[in-house]
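A.B. asks: Quick one: this structure, given as structure tokens, is what I'll be asking you about.
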Amino acid sequence: MPHTIFVSSTFIDLQPHRKAAWETLSEFDVAVRGMEQFGARTETPLQTCLAEVDQADIYVGIIAFRLGSIESQSGKSYTQLEYERALSYNKDIFIYLIDEENALIKFEYIDQGESLEKLNSFKRILRSRHTIETYKDEVDLAKKLKRDLDRHVAPRELKLFGGDEFTESKLNLATFLLLPKTVAGIEVRLKVRTLGEPYPASRAVCMAFNFEFGATLGVPIEVVMPEGLSSTDLFDLYVDGKHAVDLLPIKKDCLIDGYMKLHFSASDVSHARARFRTKVEYPDSLFKGNAFENLLGKPVHYEADTRLALELSKILQVTRPPAHELS
């Protein structure tokens, strides 16, 4: 029996996104429910929505910058009430939040004041309960929805632009190194190997990329898949607290397969590692001085104009070295 999917969102601001979602869902053996097909009914709009949620197996919530219609008694939006109904009936829930850094949206579709406060509160609830996805536009949303449904509803080999996910990731990373702003915010499928110990992300890093300071760690990595990337094109991978729980302990040579978000910032980041305690170091100066420089040559440092980063957004598989190597 095919799954039934309910698509929940505000309408006026997200018409292109809903259209893209419906077109994507049409590729699957599922029944789709949503406001587009409600028609004339004797029930109130909210009653109709909740009845449709009751009949669905999967709730897809698409959230942007508008709270939408409000139910007067509770003061909550229809979207939040639909979500709470799905949660209370233990439906499978997919949440897609707009990328607040990279999405382009008309000012008239951005709430202010009390509505914005309620919307942000709802978003915090969603982030605390679920592993959410973010989307830049309707194309990005459709791609991520298809990816999730391929794994959840109808698994099959993904074909993107005539190749697999890693082929597309390699193309996007090549663009990222040349024109980072044009692809910032998208996610790429990567397999990476950790090159060392994790460290707490500095305040400067968190401010540059909108990470939560004190709840984000970084770890140096090399990309294993896709193959053929230059060893100099290395990034640190940043992981929020929720994903870190699934990764720790992290040591050298852990393999992480997952989706990683590309971040670009024009901010100057002077250091990547945070220090939460006062620390005094007395570095060994044995190998410093002109004699050592004459032997190896004086190093030349090229300062970066900007910062690039990867953020872990979804873990598919983690492979750790043998236990004795983690001790």
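Letters A, B, ... mark the chains of the structure tokens in the order given; residue numbers begin at 1 per chain; ligand numbers begin at 1, in order shown.
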Considering only C-alpha atoms, return as a PyMOL selection string whatever protein or nucleic-acid residues lie within 9 Å of Val239 (chain A), sequence-local ones (same chain, fewer than 2 positions apart) excluded.
C.D. replies: chain A and resi 215-219+237+241-244+310-313
A.B. asks: Export, as a PDB file, in the first residue's frame, the selected residues with N, CA and C atoms.
C.D. replies:
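So out.pdb came out as:
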```pdb
ATOM      1  N   ALA A 215      28.993  25.076  21.385  1.00  0.00           N
ATOM      2  CA  ALA A 215      28.271  23.842  21.037  1.00  0.00           C
ATOM      3  C   ALA A 215      28.644  23.379  19.635  1.00  0.00           C
ATOM      4  N   THR A 216      29.869  23.728  19.195  1.00  0.00           N
ATOM      5  CA  THR A 216      30.346  23.351  17.867  1.00  0.00           C
ATOM      6  C   THR A 216      31.791  22.906  17.965  1.00  0.00           C
ATOM      7  N   LEU A 217      32.105  21.792  17.353  1.00  0.00           N
ATOM      8  CA  LEU A 217      33.499  21.351  17.307  1.00  0.00           C
ATOM      9  C   LEU A 217      33.966  21.286  15.864  1.00  0.00           C
ATOM     10  N   GLY A 218      35.270  21.363  15.692  1.00  0.00           N
ATOM     11  CA  GLY A 218      35.887  21.222  14.384  1.00  0.00           C
ATOM     12  C   GLY A 218      36.840  20.053  14.387  1.00  0.00           C
ATOM     13  N   VAL A 219      37.084  19.491  13.215  1.00  0.00           N
ATOM     14  CA  VAL A 219      38.062  18.412  13.100  1.00  0.00           C
ATOM     15  C   VAL A 219      38.678  18.490  11.705  1.00  0.00           C
ATOM     16  N   LEU A 237      36.037  20.180   9.122  1.00  0.00           N
ATOM     17  CA  LEU A 237      34.617  19.860   9.196  1.00  0.00           C
ATOM     18  C   LEU A 237      34.088  20.338  10.534  1.00  0.00           C
ATOM     19  N   GLY A 241      26.446  20.282  18.246  1.00  0.00           N
ATOM     20  CA  GLY A 241      26.374  19.407  19.410  1.00  0.00           C
ATOM     21  C   GLY A 241      25.536  18.167  19.190  1.00  0.00           C
ATOM     22  N   LYS A 242      24.421  18.311  18.453  1.00  0.00           N
ATOM     23  CA  LYS A 242      23.529  17.170  18.236  1.00  0.00           C
ATOM     24  C   LYS A 242      24.221  16.079  17.428  1.00  0.00           C
ATOM     25  N   HIS A 243      24.899  16.458  16.334  1.00  0.00           N
ATOM     26  CA  HIS A 243      25.597  15.463  15.536  1.00  0.00           C
ATOM     27  C   HIS A 243      26.838  14.927  16.254  1.00  0.00           C
ATOM     28  N   ALA A 244      27.451  15.766  17.081  1.00  0.00           N
ATOM     29  CA  ALA A 244      28.659  15.344  17.783  1.00  0.00           C
ATOM     30  C   ALA A 244      28.387  14.161  18.705  1.00  0.00           C
ATOM     31  N   LEU A 310      33.118  23.397   5.842  1.00  0.00           N
ATOM     32  CA  LEU A 310      32.116  22.362   5.670  1.00  0.00           C
ATOM     33  C   LEU A 310      31.421  22.145   7.002  1.00  0.00           C
ATOM     34  N   GLU A 311      30.103  21.969   6.961  1.00  0.00           N
ATOM     35  CA  GLU A 311      29.330  21.669   8.163  1.00  0.00           C
ATOM     36  C   GLU A 311      28.592  20.353   7.966  1.00  0.00           C
ATOM     37  N   LEU A 312      28.761  19.427   8.901  1.00  0.00           N
ATOM     38  CA  LEU A 312      28.071  18.148   8.817  1.00  0.00           C
ATOM     39  C   LEU A 312      26.579  18.354   9.038  1.00  0.00           C
ATOM     40  N   SER A 313      25.751  17.936   8.069  1.00  0.00           N
ATOM     41  CA  SER A 313      24.305  18.130   8.197  1.00  0.00           C
ATOM     42  C   SER A 313      23.542  16.822   8.328  1.00  0.00           C
TER      43      SER A 313
END
```
A.B. asks: If DSSP is run on the backbone, what residues of region 1-179 of chain A are helix (DSSP H, G or I)? A reply as an MDAnalysis selection string would be ideal.
C.D. replies: chainID A and resid 15:25 35:37 45:55 78:88 107:109 113:129 138:152 165:178
A.B. asks: Have a look at A:Cys49, A:Val30, A:Leu81, A:Ile12 and name the one nearest to Phe65 (chain A); count only C-alpha atoms.
C.D. replies: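 Checking each candidate against Phe65 (chain A), we get A:Ile12 as the closest.
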A.B. asks: Give me, please, the distance in Å between CA of Phe213 (chain A) and CA of Arg320 (chain A), quoted to one decimal.
C.D. replies: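 Between CA of Phe213 (chain A) and CA of Arg320 (chain A) the gap works out to 26.7 Å.
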A.B. asks: Give the answer as one residue: which of A:Glu114, A:Ala274, A:Asp13, A:Asp57 has the shortest atom-to-atom distance to Arg33 (chain A), using only C-alpha atoms?
C.D. replies: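 Nearest to Arg33 (chain A): A:Asp57.
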A.B. asks: Would you please work out which residue, of A:Cys254, A:Ala21, A:Leu229, A:Val224, is nearest to Pro198 (chain A) when using only C-alpha atoms?
C.D. replies: A:Cys254
A.B. asks: Could you check which of A:Cys206, A:Leu46, A:Leu255, A:Ile250 is closest to Asp268 (chain A), using only C-alpha atoms?
C.D. replies: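 Looking at the shortest contact to Asp268 (chain A), the residue is A:Cys206.
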A.B. asks: Pick the closest to Val192 (chain A) from A:Asp240, A:Asp253, A:Asp148, A:Glu165: which is it, counting only C-alpha atoms?
C.D. replies: A:Asp253
A.B. asks: Would you kindly return, as a PyMOL selection string, each protein, DNA or RNA residue with an atom no farther than 10 Å from any atom of Phe264 (chain A), considering only C-alpha atoms and excluding same-chain residues fewer than 3 positions away?
C.D. replies: chain A and resi 102+176+179-185+208-209+267+306-310
A.B. asks: Could you tell me how far CA of Glu222 (chain A) sits from CA of Gly258 (chain A), in Å to one decimal place?
C.D. replies: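 Taking CA of Gly258 (chain A) as the start and CA of Glu222 (chain A) as the end point, the length is 13.7 Å.
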A.B. asks: Quick one: distance from CA of Lys143 (chain A) to CA of Ala51 (chain A) in Å, one decimal?
C.D. replies: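 Rounded to one decimal, the two atoms are 28.3 Å apart.
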A.B. asks: Write out as a PyMOL selection string each polymer residue whose atoms come within 12 Å of Arg66 (chain A), counting only C-alpha atoms; drop sequence neighbours fewer than 6 positions from it.
C.D. replies: chain A and resi 9-14+77-80+97-98+105-120+122-123
A.B. asks: Near Asn90 (chain A), counting only C-alpha atoms, which residues have an atom at most 12 Å away, once you skip same-chain residues fewer than 3 positions from it, shown as a list in words?
C.D. replies: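 Result of the neighbour search: Val53, Asp54, Ala56, Asp57, Ile58, Tyr59, Tyr83, Glu84, Arg85, Ala86, Leu87 and Ile93 of chain A.
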A.B. asks: May I have all residues of region 16-105 of chain A that DSSP, computed from the backbone, assigns to strand (DSSP E), given as a PyMOL selection string?
C.D. replies: chain A and resi 30-33+58-63+92-98
A.B. asks: Grab the residues selected above and save them as a compact mmCIF listing (two decimals), in the first residue's frame with N, CA and C atoms.
C.D. replies:
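The file below, part17.txt, is the result:
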```
# COMPACT_ATOMS: atom_id res chain seq x y z
N VAL A 30 3.34 7.36 -4.04
CA VAL A 30 2.76 7.90 -2.81
C VAL A 30 1.50 8.70 -3.16
N ALA A 31 0.63 8.83 -2.18
CA ALA A 31 -0.52 9.74 -2.29
C ALA A 31 -0.15 11.02 -1.56
N VAL A 32 -0.42 12.16 -2.19
CA VAL A 32 -0.01 13.45 -1.63
C VAL A 32 -1.25 14.22 -1.21
N ARG A 33 -1.20 14.77 -0.02
CA ARG A 33 -2.29 15.57 0.51
C ARG A 33 -1.77 16.96 0.85
N ILE A 58 3.30 10.31 6.48
CA ILE A 58 4.50 11.15 6.55
C ILE A 58 4.08 12.61 6.53
N TYR A 59 4.66 13.39 7.43
CA TYR A 59 4.44 14.84 7.47
C TYR A 59 5.68 15.52 6.93
N VAL A 60 5.50 16.37 5.90
CA VAL A 60 6.60 17.16 5.35
C VAL A 60 6.33 18.62 5.69
N GLY A 61 7.15 19.19 6.56
CA GLY A 61 7.00 20.59 6.95
C GLY A 61 8.03 21.46 6.26
N ILE A 62 7.54 22.49 5.55
CA ILE A 62 8.42 23.42 4.82
C ILE A 62 8.23 24.79 5.46
N ILE A 63 9.27 25.30 6.11
CA ILE A 63 9.16 26.51 6.92
C ILE A 63 10.08 27.58 6.35
N ASP A 92 5.92 9.81 10.63
CA ASP A 92 7.28 10.14 10.20
C ASP A 92 7.29 11.61 9.81
N ILE A 93 8.31 12.33 10.27
CA ILE A 93 8.33 13.78 10.09
C ILE A 93 9.62 14.21 9.41
N PHE A 94 9.48 14.93 8.28
CA PHE A 94 10.60 15.53 7.58
C PHE A 94 10.43 17.05 7.69
N ILE A 95 11.48 17.72 8.17
CA ILE A 95 11.42 19.17 8.36
C ILE A 95 12.46 19.86 7.48
N TYR A 96 12.00 20.89 6.75
CA TYR A 96 12.88 21.66 5.87
C TYR A 96 12.74 23.14 6.26
N LEU A 97 13.81 23.71 6.80
CA LEU A 97 13.83 25.11 7.19
C LEU A 97 14.62 25.92 6.16
N ILE A 98 14.14 27.10 5.86
CA ILE A 98 14.82 27.94 4.88
C ILE A 98 16.20 28.33 5.39
```
A.B. asks: Would you mind telling me which residue in A:Met225, A:Glu71, A:Trp22, A:Val153 lies nearest to Pro2 (chain A) when using only C-alpha atoms?
C.D. replies: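 Ranking A:Met225, A:Glu71, A:Trp22, A:Val153 by distance to Pro2 (chain A), first place goes to A:Val153.
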A.B. asks: Set the distance at 10 Å and use only C-alpha atoms: which residues neighbour Lys19 (chain A) once local chain neighbours fewer than 4 positions away are removed? I'd like the list as a list in words.
C.D. replies: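 Counting only C-alpha atoms, the residues come to Leu14, Gln15, Glu23, Thr24, Leu25, Glu36, Glu138 and Ala142 of chain A.
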A.B. asks: Extract, using only C-alpha atoms, all DNA, RNA and protein residues at most 9 Å from Ala103 (chain A), discarding same-chain residues fewer than 3 positions from it, and format them as a list of chain:residue names.
C.D. replies: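 Result of the neighbour search: A:Ile98, A:Asp99, A:Glu100, A:Tyr135, A:Lys136, A:Asp137, A:Gly185.
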A.B. asks: So that I have them on file, write out the residues from the current selection with C-alpha atoms, as a CSV table (one decimal), in the first residue's frame.
C.D. replies:
```csv
chain,number,residue,atom,x,y,z
A,98,ILE,CA,14.8,27.9,4.9
A,99,ASP,CA,18.5,28.8,4.8
A,100,GLU,CA,18.4,32.1,6.6
A,135,TYR,CA,17.0,24.8,1.6
A,136,LYS,CA,18.1,27.8,-0.4
A,137,ASP,CA,15.3,27.8,-3.0
A,185,GLY,CA,24.5,26.8,1.3
```
